Every structure is written in C-alpha cells, then in structure tokens.
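Asker: This is the content of run-v8.txt (compact mmCIF, C-alpha atoms and all ligand atoms):
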```
# COMPACT_ATOMS: atom_id res chain seq x y z
CA MET A 1 0.00 0.00 0.00
CA SER A 2 1.73 3.16 -1.02
CA ILE A 3 1.48 6.75 -0.08
CA ASP A 4 0.31 9.54 -2.41
CA PRO A 5 2.74 12.49 -2.08
CA LYS A 6 1.12 14.22 -5.04
CA ARG A 7 -2.08 14.55 -3.03
CA THR A 8 -0.11 16.32 -0.27
CA ILE A 9 1.34 18.77 -2.77
CA ALA A 10 -2.14 19.44 -4.20
CA GLU A 11 -3.44 20.05 -0.66
CA LEU A 12 -0.57 22.42 0.12
CA LYS A 13 -1.53 24.41 -2.98
CA GLU A 14 -5.17 24.37 -1.96
CA LEU A 15 -4.24 25.74 1.46
CA ARG A 16 -2.05 28.39 -0.15
CA ALA A 17 -4.94 29.54 -2.37
CA LEU A 18 -7.31 29.61 0.61
CA THR A 19 -5.11 31.40 3.16
CA GLY A 20 -2.56 33.35 1.14
CA ASP A 21 -2.61 36.51 -0.92
CA GLU A 22 -0.24 38.24 -3.34
CA ASN A 23 2.19 38.80 -0.44
CA GLY A 24 2.30 35.18 0.71
CA ALA A 25 0.78 33.02 3.46
CA GLN A 26 -1.28 34.87 6.08
CA ARG A 27 -1.98 32.11 8.57
CA VAL A 28 -0.83 34.05 11.62
CA ALA A 29 -1.86 32.18 14.77
CA TRP A 30 -5.00 33.38 16.58
CA THR A 31 -6.34 35.21 13.49
CA ASP A 32 -9.39 34.41 11.36
CA THR A 33 -7.21 33.20 8.48
CA TRP A 34 -5.49 30.71 10.77
CA LEU A 35 -8.86 29.47 12.03
CA LYS A 36 -9.90 29.10 8.39
CA ALA A 37 -6.82 26.96 7.71
CA ARG A 38 -7.66 24.76 10.70
CA ALA A 39 -11.31 24.38 9.61
CA TRP A 40 -10.08 23.40 6.15
CA PHE A 41 -7.78 20.80 7.71
CA GLU A 42 -10.67 19.36 9.75
CA GLU A 43 -12.68 18.91 6.53
CA LYS A 44 -9.88 16.69 5.21
CA LEU A 45 -10.57 14.25 8.04
CA ALA A 46 -14.21 13.63 7.11
CA ASP A 47 -13.75 10.16 5.60
CA LEU A 48 -11.15 8.91 8.07
CA PRO A 49 -11.78 6.74 11.14
CA VAL A 50 -10.20 9.31 13.45
CA GLU A 51 -10.98 11.39 16.52
CA GLN A 52 -10.14 15.10 16.39
CA HIS A 53 -9.91 17.67 19.17
CA TYR A 54 -8.04 20.77 20.30
CA ASP A 55 -6.20 20.57 23.61
CA ALA A 56 -6.13 23.21 26.34
CA ALA A 57 -3.30 25.12 24.63
CA GLY A 58 -5.01 25.08 21.24
CA ASN A 59 -2.91 22.29 19.69
CA GLY A 60 -4.94 20.29 17.16
CA TRP A 61 -4.86 16.49 17.54
CA VAL A 62 -6.01 13.82 15.12
CA THR A 63 -5.95 10.28 16.51
CA LEU A 64 -6.18 7.01 14.60
CA LYS A 65 -6.53 4.40 17.32
CA GLY A 66 -4.32 1.36 16.92
CA GLU A 67 -4.11 -2.07 18.54
CA SER A 68 -1.76 -0.50 21.07
CA GLU A 69 -2.42 2.80 22.79
CA LYS A 70 1.29 3.63 22.46
CA ALA A 71 1.34 6.43 19.94
CA LEU A 72 3.50 7.65 17.12
CA ILE A 73 2.99 11.40 16.71
CA ILE A 74 3.74 13.19 13.45
CA GLY A 75 3.31 16.92 13.18
CA SER A 76 4.31 20.51 12.67
CA HIS A 77 2.33 23.77 12.52
CA LEU A 78 -0.27 25.31 10.19
CA ASP A 79 0.43 28.86 11.40
CA SER A 80 2.74 31.13 9.40
CA VAL A 81 4.45 34.47 9.76
CA PRO A 82 2.72 37.39 7.98
CA ASN A 83 3.64 37.25 4.28
CA GLY A 84 5.08 33.79 4.87
CA GLY A 85 5.74 30.82 2.64
CA TRP A 86 3.47 27.96 1.59
CA LEU A 87 5.58 25.11 3.06
CA ASP A 88 6.93 26.22 6.44
CA GLY A 89 4.96 24.14 8.93
CA ALA A 90 2.10 23.16 6.63
CA LEU A 91 4.28 20.57 4.87
CA GLY A 92 4.89 18.66 8.10
CA VAL A 93 1.22 18.62 9.10
CA LEU A 94 -0.07 17.54 5.68
CA ALA A 95 2.66 14.93 5.25
CA GLY A 96 1.57 13.59 8.66
CA LEU A 97 -2.02 13.42 7.44
CA GLU A 98 -0.99 11.53 4.31
CA ILE A 99 0.97 9.02 6.38
CA LEU A 100 -1.98 8.58 8.74
CA ARG A 101 -4.23 7.92 5.72
CA ARG A 102 -1.82 5.25 4.51
CA PHE A 103 -1.84 3.51 7.90
CA ALA A 104 -5.64 3.72 8.10
CA LYS A 105 -6.01 2.13 4.67
CA GLU A 106 -3.32 -0.50 5.05
CA TYR A 107 -4.63 -1.73 8.41
CA ASN A 108 -8.36 -1.28 7.81
CA GLY A 109 -8.59 1.54 10.32
CA CYS A 110 -6.59 -0.15 13.09
CA PRO A 111 -2.79 -0.01 12.75
CA PRO A 112 -0.50 -1.86 15.19
CA VAL A 113 0.08 1.29 17.25
CA THR A 114 -1.89 4.52 17.55
CA ILE A 115 -1.02 7.19 14.98
CA ARG A 116 -1.55 10.85 15.87
CA VAL A 117 -1.11 13.99 13.80
CA VAL A 118 -0.57 17.25 15.64
CA ASP A 119 -0.92 20.85 14.45
CA TRP A 120 0.94 22.83 17.12
CA ALA A 121 -0.61 26.18 18.02
CA ASP A 122 1.44 29.31 17.38
CA GLU A 123 4.85 27.90 16.48
CA GLU A 124 5.92 31.17 14.91
CA GLY A 125 5.06 33.59 17.69
CA ALA A 126 4.49 36.14 14.92
CA ARG A 127 1.78 38.11 16.66
CA PHE A 128 2.86 38.11 20.31
CA GLY A 129 6.58 37.39 20.03
CA ARG A 130 6.34 34.08 21.85
CA SER A 131 7.26 31.18 19.57
CA LEU A 132 6.59 27.46 20.27
CA LEU A 133 3.66 28.47 22.47
CA GLY A 134 1.55 25.34 21.99
CA SER A 135 4.36 22.79 21.99
CA SER A 136 5.97 24.28 25.10
CA ALA A 137 2.63 24.04 26.90
CA PHE A 138 2.46 20.39 25.84
CA ALA A 139 6.02 19.82 27.06
CA GLY A 140 5.39 21.66 30.32
CA THR A 141 8.53 23.74 29.81
CA ALA A 142 6.99 27.20 30.03
CA SER A 143 4.75 28.99 32.40
CA ILE A 144 2.02 31.07 30.83
CA GLU A 145 2.38 33.71 33.56
CA ALA A 146 5.18 35.49 31.74
CA ASP A 147 3.31 35.45 28.45
CA ARG A 148 -0.35 36.07 29.22
CA ILE A 149 0.03 39.84 29.35
CA ARG A 150 1.93 40.13 26.06
CA VAL A 151 0.21 42.46 23.59
CA ASP A 152 0.18 42.55 19.79
CA LYS A 153 0.83 45.68 17.73
CA ASP A 154 -2.81 46.73 18.10
CA GLY A 155 -2.67 46.49 21.88
CA ILE A 156 -4.71 43.26 22.06
CA ARG A 157 -3.57 41.03 24.91
CA LEU A 158 -2.46 37.46 24.25
CA GLU A 159 -4.89 36.22 26.87
CA ASP A 160 -7.82 37.88 25.08
CA ALA A 161 -6.79 36.81 21.57
CA LEU A 162 -6.56 33.20 22.75
CA ARG A 163 -9.91 33.35 24.50
CA ARG A 164 -11.47 34.43 21.22
CA CYS A 165 -10.15 31.19 19.73
CA GLY A 166 -11.56 29.12 22.59
CA VAL A 167 -8.31 28.82 24.55
CA ASP A 168 -8.28 29.70 28.25
CA VAL A 169 -4.70 30.39 29.35
CA ASP A 170 -5.53 29.33 32.90
CA ARG A 171 -6.04 25.80 31.61
CA PHE A 172 -2.85 25.76 29.52
CA LYS A 173 -1.14 23.14 31.65
CA GLU A 174 -3.83 20.59 30.83
CA SER A 175 -2.19 20.31 27.43
CA GLU A 176 0.46 18.14 29.12
CA GLN A 177 -2.15 15.36 29.31
CA GLU A 178 -1.58 14.78 25.60
CA GLN A 179 1.82 13.33 26.52
CA ALA A 180 0.04 10.15 27.68
CA ASN A 181 1.20 7.20 25.54
CA ALA A 182 3.34 9.44 23.30
CA THR A 183 6.19 7.13 22.35
CA ALA A 184 7.87 8.85 19.41
CA TYR A 185 7.59 12.12 17.52
CA LEU A 186 8.55 12.79 13.88
CA GLU A 187 8.61 16.13 12.08
CA LEU A 188 9.31 16.96 8.47
CA HIS A 189 10.28 20.58 7.81
CA ILE A 190 11.84 22.63 5.07
CA GLU A 191 15.48 23.41 5.82
CA GLN A 192 15.02 27.22 5.68
CA GLY A 193 18.72 27.53 4.91
CA PRO A 194 21.06 27.08 1.94
CA VAL A 195 23.08 23.99 2.92
CA LEU A 196 21.15 21.22 1.14
CA GLU A 197 20.85 23.20 -2.06
CA ARG A 198 24.58 23.91 -2.04
CA LEU A 199 25.31 20.21 -1.54
CA GLY A 200 22.82 19.24 -4.25
CA LEU A 201 20.95 16.97 -1.84
CA PRO A 202 17.18 16.82 -1.28
CA LEU A 203 17.02 15.49 2.29
CA ALA A 204 18.83 15.67 5.61
CA VAL A 205 18.70 13.87 8.94
CA VAL A 206 18.44 16.57 11.60
CA LEU A 207 20.76 15.82 14.51
CA GLY A 208 19.03 18.13 16.93
CA THR A 209 18.37 21.78 17.53
CA LYS A 210 21.20 24.08 18.46
CA GLY A 211 21.40 25.57 21.89
CA VAL A 212 21.03 29.32 22.06
CA GLU A 213 22.75 31.95 24.24
CA ARG A 214 21.07 35.31 23.73
CA HIS A 215 22.42 38.36 25.55
CA ALA A 216 22.07 42.13 25.67
CA ILE A 217 25.44 43.88 25.70
CA THR A 218 25.82 47.52 26.72
CA PHE A 219 29.04 49.48 26.30
CA HIS A 220 29.35 52.65 28.40
CA GLY A 221 31.69 55.43 27.28
CA GLN A 222 31.39 59.19 27.34
CA GLU A 223 29.11 61.27 25.20
CA ALA A 224 31.11 64.19 23.76
CA HIS A 225 30.95 66.84 21.04
CA SER A 226 31.96 65.38 17.68
CA GLY A 227 33.70 68.59 16.62
CA SER A 228 35.66 69.51 19.70
CA THR A 229 36.77 66.11 21.08
CA PRO A 230 40.14 64.95 19.65
CA MET A 231 40.21 61.30 18.59
CA GLY A 232 42.70 60.37 21.29
CA ASP A 233 40.52 61.81 24.04
CA ARG A 234 37.37 59.90 23.20
CA ARG A 235 35.64 57.11 25.10
CA ASP A 236 33.57 56.08 22.09
CA SER A 237 31.34 53.17 23.08
CA LEU A 238 30.62 52.22 19.48
CA ALA A 239 34.29 51.37 18.84
CA PRO A 240 34.47 48.24 21.05
CA LEU A 241 31.12 47.07 19.69
CA ALA A 242 32.42 47.47 16.13
CA LYS A 243 35.44 45.33 17.01
CA LEU A 244 33.19 42.73 18.64
CA ALA A 245 30.94 42.63 15.57
CA LEU A 246 33.92 41.42 13.55
CA GLU A 247 35.41 39.25 16.31
CA ILE A 248 32.31 37.02 16.42
CA TYR A 249 33.25 35.72 12.96
CA SER A 250 36.45 34.20 14.29
CA ILE A 251 34.75 33.07 17.53
CA ALA A 252 32.09 31.15 15.57
CA GLY A 253 34.61 30.11 12.93
CA LYS A 254 36.35 27.73 15.35
CA HIS A 255 33.31 25.41 15.31
CA LYS A 256 31.88 23.77 12.21
CA ASP A 257 28.21 24.66 12.50
CA ALA A 258 28.27 27.48 15.04
CA VAL A 259 26.65 30.84 14.34
CA CYS A 260 26.91 34.19 16.13
CA THR A 261 24.83 37.22 15.24
CA ILE A 262 24.78 40.80 16.46
CA GLY A 263 21.27 41.56 15.27
CA SER A 264 20.51 44.90 16.88
CA VAL A 265 22.65 47.94 17.62
CA LYS A 266 21.40 51.17 19.18
CA THR A 267 23.59 54.18 19.81
CA TYR A 268 22.93 57.01 22.29
CA PRO A 269 22.42 59.86 21.95
CA GLY A 270 22.33 58.64 18.35
CA ILE A 271 22.88 62.01 16.67
CA VAL A 272 25.37 63.04 14.04
CA THR A 273 27.15 65.56 16.26
CA ALA A 274 27.91 63.39 19.29
CA VAL A 275 30.44 60.68 20.11
CA VAL A 276 28.45 57.60 21.19
CA GLY A 277 28.17 57.59 24.99
CA ARG A 278 26.24 54.38 25.27
CA CYS A 279 25.85 51.55 22.82
CA GLU A 280 23.38 48.68 23.20
CA ALA A 281 23.56 45.51 21.16
CA THR A 282 22.17 41.98 21.12
CA LEU A 283 24.21 38.85 20.57
CA ASP A 284 22.68 35.49 19.57
CA GLN A 285 25.03 32.46 19.64
CA ARG A 286 24.04 28.93 18.59
CA ASP A 287 25.63 25.50 18.41
CA LEU A 288 24.64 21.87 18.89
CA ASP A 289 27.62 21.19 21.15
CA PRO A 290 27.10 22.57 24.67
CA ASP A 291 30.85 22.94 25.26
CA ALA A 292 31.33 24.87 22.04
CA LEU A 293 28.41 27.11 22.96
CA ALA A 294 29.85 27.77 26.41
CA GLN A 295 33.26 28.50 24.91
CA MET A 296 31.79 30.95 22.38
CA TYR A 297 29.97 32.77 25.15
CA ARG A 298 33.14 33.05 27.28
CA GLU A 299 35.21 34.22 24.32
CA ALA A 300 32.69 36.87 23.26
CA LYS A 301 32.48 38.14 26.81
CA SER A 302 36.21 38.40 27.33
CA ALA A 303 36.69 39.99 23.88
CA SER A 304 34.06 42.59 24.76
CA GLU A 305 35.90 43.39 28.01
CA GLN A 306 39.22 43.69 26.23
CA PHE A 307 37.80 45.96 23.50
CA ALA A 308 35.97 48.08 26.07
CA ALA A 309 39.23 48.59 27.98
CA GLU A 310 41.07 49.55 24.77
CA HIS A 311 38.64 52.44 24.34
CA GLY A 312 38.26 53.54 27.97
CA CYS A 313 34.78 52.08 28.16
CA SER A 314 33.03 49.55 30.37
CA VAL A 315 30.74 46.75 29.33
CA GLU A 316 27.74 45.04 30.88
CA TRP A 317 26.10 41.77 29.85
CA SER A 318 22.59 40.63 30.67
CA LYS A 319 20.96 37.41 29.57
CA ILE A 320 17.88 37.74 27.37
CA TRP A 321 17.19 34.03 26.97
CA SER A 322 18.96 30.73 26.57
CA ILE A 323 18.14 27.13 25.78
CA GLU A 324 20.34 24.08 25.88
CA PRO A 325 21.21 22.14 22.69
CA ILE A 326 18.64 19.39 22.12
CA PRO A 327 20.08 16.31 20.41
CA PHE A 328 17.49 13.99 18.84
CA HIS A 329 17.01 10.31 19.69
CA PRO A 330 19.83 7.96 18.50
CA LYS A 331 17.52 5.15 17.37
CA LEU A 332 15.25 7.52 15.46
CA LEU A 333 18.29 9.19 13.86
CA GLU A 334 19.28 5.75 12.61
CA PHE A 335 15.79 5.10 11.20
CA CYS A 336 15.74 8.52 9.56
CA GLU A 337 19.07 7.84 7.88
CA ALA A 338 17.88 4.42 6.62
CA ALA A 339 14.56 5.84 5.39
CA ILE A 340 16.32 8.51 3.34
CA GLN A 341 18.73 5.95 1.87
CA GLU A 342 15.86 3.64 0.90
CA THR A 343 14.20 6.53 -0.90
CA SER A 344 17.33 6.23 -3.05
CA CYS A 345 18.85 9.39 -1.77
CA GLU A 346 22.17 10.39 -0.53
CA PHE A 347 21.78 12.28 2.69
CA VAL A 348 23.61 14.55 5.03
CA VAL A 349 23.31 15.07 8.76
CA LEU A 350 22.70 18.65 9.89
CA PRO A 351 21.93 20.45 13.12
CA SER A 352 18.98 22.80 13.04
CA GLY A 353 19.74 26.45 13.73
CA PRO A 354 16.12 27.49 14.07
CA LEU A 355 14.17 26.00 16.96
CA HIS A 356 11.22 23.81 16.09
CA ASP A 357 8.29 22.27 17.95
CA ALA A 358 10.30 19.02 17.83
CA ALA A 359 12.74 20.55 20.32
CA GLU A 360 9.95 21.04 22.87
CA VAL A 361 8.65 17.49 22.33
CA SER A 362 12.15 16.16 22.87
CA ARG A 363 12.48 18.21 26.07
CA ALA A 364 9.39 16.39 27.33
CA GLY A 365 11.45 13.20 27.12
CA ILE A 366 9.70 11.79 24.05
CA PRO A 367 12.07 10.21 21.48
CA THR A 368 12.12 12.66 18.58
CA VAL A 369 13.68 13.18 15.19
CA MET A 370 13.29 15.63 12.31
CA MET A 371 13.92 15.41 8.60
CA PHE A 372 14.75 18.42 6.44
CA VAL A 373 13.93 18.87 2.78
CA GLN A 374 15.88 21.32 0.64
CA SER A 375 14.72 24.95 0.46
CA LEU A 376 15.33 26.70 -2.84
CA HIS A 377 17.69 29.65 -2.39
CA GLY A 378 17.65 28.93 1.36
CA ILE A 379 14.76 31.37 1.74
CA SER A 380 11.75 31.05 4.05
CA HIS A 381 9.41 33.31 6.01
CA ASN A 382 8.80 34.93 2.65
CA LYS A 383 6.43 34.43 -0.28
CA ILE A 384 9.30 33.22 -2.48
CA GLU A 385 9.90 30.27 -0.15
CA ASP A 386 9.83 27.15 -2.35
CA THR A 387 11.01 23.55 -2.75
CA LYS A 388 11.10 21.47 -5.94
CA GLU A 389 8.02 19.26 -6.17
CA GLU A 390 10.16 16.18 -6.82
CA HIS A 391 11.95 16.89 -3.54
CA LEU A 392 8.66 17.27 -1.69
CA GLU A 393 7.57 13.89 -3.04
CA LEU A 394 10.83 12.26 -1.94
CA ALA A 395 10.48 13.81 1.48
CA ILE A 396 6.93 12.57 2.05
CA ASP A 397 7.94 9.13 0.84
CA ALA A 398 10.99 9.03 3.13
CA MET A 399 8.88 10.23 6.09
CA ASP A 400 6.43 7.42 5.41
CA LYS A 401 9.29 4.91 5.55
CA LEU A 402 10.55 6.51 8.73
CA ALA A 403 7.05 6.19 10.23
CA THR A 404 6.91 2.48 9.31
CA LYS A 405 10.25 1.81 10.99
CA THR A 406 9.22 3.78 14.05
CA VAL A 407 5.91 1.96 14.37
CA ALA A 408 7.75 -1.39 14.27
CA TRP A 409 10.11 -0.12 16.97
CA ILE A 410 7.23 1.05 19.20
CA LYS A 411 5.56 -2.34 18.78
CA GLU A 412 8.76 -4.06 19.84
CA LEU A 413 9.18 -1.77 22.88
CA ASN A 414 5.67 -2.70 23.85
CA LEU A 415 6.24 -6.46 24.01
ZN ZN B 1 8.17 26.14 10.77
```
Could the structure of this file be written out as structure tokens, please?
Answerer:
Amino acid sequence: MSIDPKRTIAELKELRALTGDENGAQRVAWTDTWLKARAWFEEKLADLPVEQHYDAAGNGWVTLKGESEKALIIGSHLDSVPNGGWLDGALGVLAGLEILRRFAKEYNGCPPVTIRVVDWADEEGARFGRSLLGSSAFAGTASIEADRIRVDKDGIRLEDALRRCGVDVDRFKESEQEQANATAYLELHIEQGPVLERLGLPLAVVLGTKGVERHAITFHGQEAHSGSTPMGDRRDSLAPLAKLALEIYSIAGKHKDAVCTIGSVKTYPGIVTAVVGRCEATLDQRDLDPDALAQMYREAKSASEQFAAEHGCSVEWSKIWSIEPIPFHPKLLEFCEAAIQETSCEFVVLPSGPLHDAAEVSRAGIPTVMMFVQSLHGISHNKIEDTKEEHLELAIDAMDKLATKTVAWIKELNL
C-alpha cells in the first residue's frame, strides 16, 4: 500500500490559495485566516476513522486508534508568519495526514500502534513574540504567567486573543495530558537555509536543535561633542562594539556549525554631532555542542571586556534568553538515515539552527527526530519560499518509511 505524495502537494496548494494573498501566506496564529486553515484541515478528516480535538493550549490532535495505545505522533504547525511561505509548517502537518491515511487504509482503520497527527498552536510567535507556544505548553517547559500579558501591535492582549479562539490560558497546563502514551515524535520541515541546495541533496537527517545563548550587551563610554573632542581623548562606546561585531566571525569560525549574530545595535544619543556615549547591542550564539556554545559565550564576553578597555569604556552583559542544545534520539536518527537511503537518496546530517516544535517534544522526554527537505535559495518566512516538487515527493515518501520503521520499533518496545 503506497502513499500519495502528489495529493499532499495538491493540498498544500489548496491551502495556499485559501489562506494566502499576493504577499504570501497569512496564517498568523489566533487570526481568522489561521482558524480558516484549521477548519479546512478538519474537513480533510471527514472520511477517516479518526478522533479530532483541540487541547487546552489550542494544539490540534487527530488520533487514529491502533491495537496499542502507544502512539507515534507526526506533526508541525499550520500557522505562518505574515507574508510567509506555503511550506513552512504546513508541509509537516499535511505529510503527517498523508501518512496517517496510509496507515488507516493499510490496516483497515486499526494499525499496530496509535497514529496521531498534531498541528501545534502558534509555532511562529508572529503576533505576540512568543514562539513554540503550543508545543511548550504540551512539554510543560513554560509557564504562561510570563506570556499572558503580552500584547500585539494593536494592543490586544495574548490572553484575550486566545480566548477568542476558545483557549483559556488558565487551563494551559492541561495540554500536558496529551503526553500520555506518546512514544515517538517525527517532524518533516523545510530546511530554511542554503546547505542542502549547495550540496545538491534533497534530504537531511536533523541531529538536533542548536542551543542558544542570547544576551544584551551595553558598552558605556562618554558622550562628547563630535567637533571639539580629539580622537585620542574619546571614550567612544561604538568602537568596542564594532570590534566585537567582527570578532564574532572568528569566535564562531572555530566550530563547524556554530553561528553568532549581532542583530541589533542602538547608539545614544544617536545624533550626528555626538560621540556615542552608550551603545546597546544583542548577541545570539548557537551551536549543537554545549561545550562549544559555552566557549563561544566566554570568548565573546572576554573579547568585549578587552575591546571596552582599549577604548576607555566599560561593558555590561545581561541574559535575554537561553536554551540548551537538544540532540534527537539515537535510534530515530538511525531510522531517519535508513529511510532517506531507501528513498534512493544520498543524505547529510545537519543540526537545526532554528528551533522547532520538535525541540519542545524532545524536552518532554519523548524520542524525537526531524527530517529536512531542501529549500530553494535557502529562503523562508517569505512568499518566495519554495522547494522542488520532486523533492517534496521524496520527502513525504521518506517520512512514510521513517514512520513504518518507528511503528515497528514502538511495537517491539511494547512487548
Ligand atoms: Zn516552521
């Protein structure tokens, strides 16, 4: 009994036509267009022997009961950023649906283990700035207290926007109940980067998600008149930051897949006639290896202190956020590798720089793995986001093989 990847591609196009416009996908979580996408997805379930519900955090669950209650979960997210792409998230959900259909058909509605498809709520955090909202509620890794009062650009509170969609933030924790019987989690996602295209490969085994160290760095110098202050007398707080902005290239360069980014720089007073008295920047560092990540953090910090001293300035660091590297499950990595090879593909193993819902599921202690499919031009979160259809077909096929291997493994664990 084989899978029909072409149907998934047709459905992805249908969803694009329904929820996109000339600027791209508009399925921002907790908006009417997102609800429309979810209603459309529910319609696809009409002829299947499944149960469907939304949990207390708004995650959508489709369950095909099997002989065993132990469940394989396949999923991703239907929400998008504003003006987003047609594949980010939606591919993983619809591939999951296609795999569930195949199991339902092959086993006359009762596969050896339970198969569940999940559509995580608000992966992108596009409206309230809080990504992985639904999957972190499921994993029990976040408290809603810090997030409930967040507001969108129109001043609408997160708590109120969620209530409008039937989600009561006070019941968020109940989402953890969905962990019952969850035995493995698989997620297919577009790479969102240029590596696979450069290597000429369609698919990758994702080793895990990189840990992140995110800090605010403030250099303090002395504001002074730009005309009357000789160069040698300045305590220009932009100078050490400028040195640091270049230094991060050699700090990251010591590790194969590490990345460091100074994404925001603000100067004060920020006028053309004043030496910069205070300079605020953000630094985001990522790697899959916790030791490399810790080393990069130490090196950036000591470089900033050295550069500050060279310019008569001081520097202050404060943590914005951090998360540990999350390596995926060794057995599932093995299955993922084999599934890609059987789809007659060469493959590569890659860490994921962006975080994904899979990272939260893994943090909940559920064996997890992800597969990446090539992104054309490495672009996503944009209407030009695209992947060759032949690669999408290979990916869905390989995911199906991965699901088969995982189901056999769950069955074995169960004996
Ligand atoms: Zn995504």
Asker: Using only C-alpha atoms and all ligand atoms, what are the residues with an atom within 10 Å of ligand ZN 1 (chain B), set out as an MDAnalysis selection string?
Answerer: chainID A and resid 76:81 85 87:92 122:124 132 188:192 354:357 380:381
Asker: Hey, what's within 8 Å of range 300-308 of chain A if we count all atoms listed in the file and toss same-chain stuff fewer than 4 positions away? As a list of chain:residue names, please?
Answerer: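 Non-adjacent residues within range: A:Phe219, A:Ser237, A:Ala239, A:Pro240, A:Leu241, A:Lys243, A:Leu244, A:Glu247, A:Ile248, A:Ile251, A:Met296, A:Gly312, A:Cys313, A:Ser314, A:Val315, A:Trp317.
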Asker: Give the answer as one residue: which of A:Val93, A:Leu196, A:Val118, A:Leu18 has the shortest atom-to-atom distance to Leu64 in chain A, using all atoms listed in the file?
Answerer: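 Closest to Leu64 in chain A of all the choices is A:Val118.
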Asker: Write out as an NGL selection string the residues lying within 10 Å of range 32-42 of chain A, counting all atoms listed in the file and excluding same-chain residues fewer than 2 positions away.
Answerer: :A and (11 or 14-16 or 18-20 or 25-30 or 44-46 or 52-53 or 60 or 62 or 78-80 or 90 or 93-94 or 97 or 119 or 121-122 or 165)
Asker: Can you pull out the residues contacting range 329-340 of chain A? Cut-off 7 Å, using all atoms listed in the file, and skip same-chain residues under 6 positions away; I want them as an mmCIF file with C-alpha atoms, in the coordinates of the input.
Answerer:
```cif
data_model
loop_
_atom_site.group_PDB
_atom_site.id
_atom_site.type_symbol
_atom_site.label_atom_id
_atom_site.label_comp_id
_atom_site.auth_asym_id
_atom_site.auth_seq_id
_atom_site.Cartn_x
_atom_site.Cartn_y
_atom_site.Cartn_z
ATOM 1 C CA VAL A 205 18.700 13.870 8.940
ATOM 2 C CA PHE A 347 21.780 12.280 2.690
ATOM 3 C CA PRO A 367 12.070 10.210 21.480
ATOM 4 C CA THR A 368 12.120 12.660 18.580
ATOM 5 C CA VAL A 369 13.680 13.180 15.190
ATOM 6 C CA ALA A 398 10.990 9.030 3.130
ATOM 7 C CA LYS A 401 9.290 4.910 5.550
ATOM 8 C CA LEU A 402 10.550 6.510 8.730
ATOM 9 C CA LYS A 405 10.250 1.810 10.990
#
```
Asker: With a distance cut-off of 12 Å and all atoms listed in the file, select the neighbouring residues of Ser228 in chain A, excluding the residue or stretch itself and same-chain residues fewer than 5 positions from it, and output the selection as a list in words.
Answerer: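 Here the qualifying residues turn out to be Glu223, Asp233, Arg234, Thr273, Ala274 and Val275 of chain A.
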Asker: Can you pull out every residue within 6 Å of Gly208 in chain A, counting all atoms listed in the file, but drop anything in the same chain fewer than 6 positions away, and send it as a PyMOL selection string?
Answerer: chain A and resi 326-328+351
Asker: Please determine, counting all atoms listed in the file, which residue among A:Val117, A:Met399, A:Val195, A:Val373 has the shortest atom-to-atom distance to Thr387 in chain A.
Answerer: A:Val373
Asker: One decimal, in Å: what's the spacing between CA of Trp120 in chain A and CA of Val169 in chain A?
Answerer: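 Going from CA of Trp120 in chain A over to CA of Val169 in chain A covers 15.4 Å.
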Asker: Using all atoms listed in the file, which residue out of A:Gly125, A:Arg171, A:Ser68, A:Asp386 lies closest to Leu158 in chain A?
Answerer: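 Using all atoms listed in the file, the shortest distance to Leu158 in chain A belongs to A:Gly125.
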Asker: With all atoms listed in the file as the atoms that count, which of A:Ala281, A:Ile74, A:Ile366, A:Leu199 lies nearest to Leu238 in chain A?
Answerer: A:Ala281
Asker: I need the residue nearest Pro325 in chain A from this list: A:Glu412, A:Thr209, A:Ser344, A:Ser352. Use all atoms listed in the file for the distance.
Answerer: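 Answer, going by the shortest atom-to-atom distance: A:Thr209.
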Asker: Save range 59-75 of chain A of the structure in the block above to a file, with N, CA and C atoms included, as an mmCIF file, in the first residue's frame.
Answerer:
```cif
data_model
loop_
_atom_site.group_PDB
_atom_site.id
_atom_site.type_symbol
_atom_site.label_atom_id
_atom_site.label_comp_id
_atom_site.auth_asym_id
_atom_site.auth_seq_id
_atom_site.Cartn_x
_atom_site.Cartn_y
_atom_site.Cartn_z
ATOM 1 N N ASN A 59 -3.532 23.202 20.653
ATOM 2 C CA ASN A 59 -2.911 22.289 19.695
ATOM 3 C C ASN A 59 -3.990 21.374 19.124
ATOM 4 N N GLY A 60 -3.939 21.141 17.803
ATOM 5 C CA GLY A 60 -4.944 20.294 17.159
ATOM 6 C C GLY A 60 -4.452 18.856 17.056
ATOM 7 N N TRP A 61 -5.259 17.908 17.520
ATOM 8 C CA TRP A 61 -4.857 16.491 17.541
ATOM 9 C C TRP A 61 -5.804 15.643 16.718
ATOM 10 N N VAL A 62 -5.235 14.788 15.883
ATOM 11 C CA VAL A 62 -6.008 13.819 15.124
ATOM 12 C C VAL A 62 -5.499 12.452 15.554
ATOM 13 N N THR A 63 -6.392 11.573 15.991
ATOM 14 C CA THR A 63 -5.948 10.276 16.508
ATOM 15 C C THR A 63 -6.598 9.126 15.753
ATOM 16 N N LEU A 64 -5.748 8.265 15.215
ATOM 17 C CA LEU A 64 -6.183 7.014 14.602
ATOM 18 C C LEU A 64 -5.807 5.918 15.597
ATOM 19 N N LYS A 65 -6.796 5.389 16.277
ATOM 20 C CA LYS A 65 -6.534 4.396 17.319
ATOM 21 C C LYS A 65 -5.951 3.127 16.722
ATOM 22 N N GLY A 66 -4.913 2.603 17.387
ATOM 23 C CA GLY A 66 -4.322 1.358 16.923
ATOM 24 C C GLY A 66 -4.559 0.235 17.912
ATOM 25 N N GLU A 67 -3.999 -0.927 17.618
ATOM 26 C CA GLU A 67 -4.115 -2.067 18.541
ATOM 27 C C GLU A 67 -3.499 -1.714 19.888
ATOM 28 N N SER A 68 -2.391 -0.958 19.836
ATOM 29 C CA SER A 68 -1.757 -0.495 21.069
ATOM 30 C C SER A 68 -2.064 0.980 21.260
ATOM 31 N N GLU A 69 -2.188 1.384 22.525
ATOM 32 C CA GLU A 69 -2.415 2.803 22.794
ATOM 33 C C GLU A 69 -1.141 3.620 22.648
ATOM 34 N N LYS A 70 0.010 2.936 22.655
ATOM 35 C CA LYS A 70 1.288 3.635 22.457
ATOM 36 C C LYS A 70 1.214 4.369 21.122
ATOM 37 N N ALA A 71 1.603 5.633 21.132
ATOM 38 C CA ALA A 71 1.341 6.435 19.937
ATOM 39 C C ALA A 71 2.596 6.967 19.264
ATOM 40 N N LEU A 72 2.548 6.910 17.938
ATOM 41 C CA LEU A 72 3.504 7.646 17.117
ATOM 42 C C LEU A 72 2.836 8.968 16.771
ATOM 43 N N ILE A 73 3.534 10.073 17.040
ATOM 44 C CA ILE A 73 2.991 11.402 16.714
ATOM 45 C C ILE A 73 3.807 11.980 15.557
ATOM 46 N N ILE A 74 3.087 12.513 14.579
ATOM 47 C CA ILE A 74 3.744 13.194 13.455
ATOM 48 C C ILE A 74 3.123 14.579 13.380
ATOM 49 N N GLY A 75 3.947 15.611 13.234
ATOM 50 C CA GLY A 75 3.305 16.916 13.183
ATOM 51 C C GLY A 75 4.230 18.061 12.848
#
```
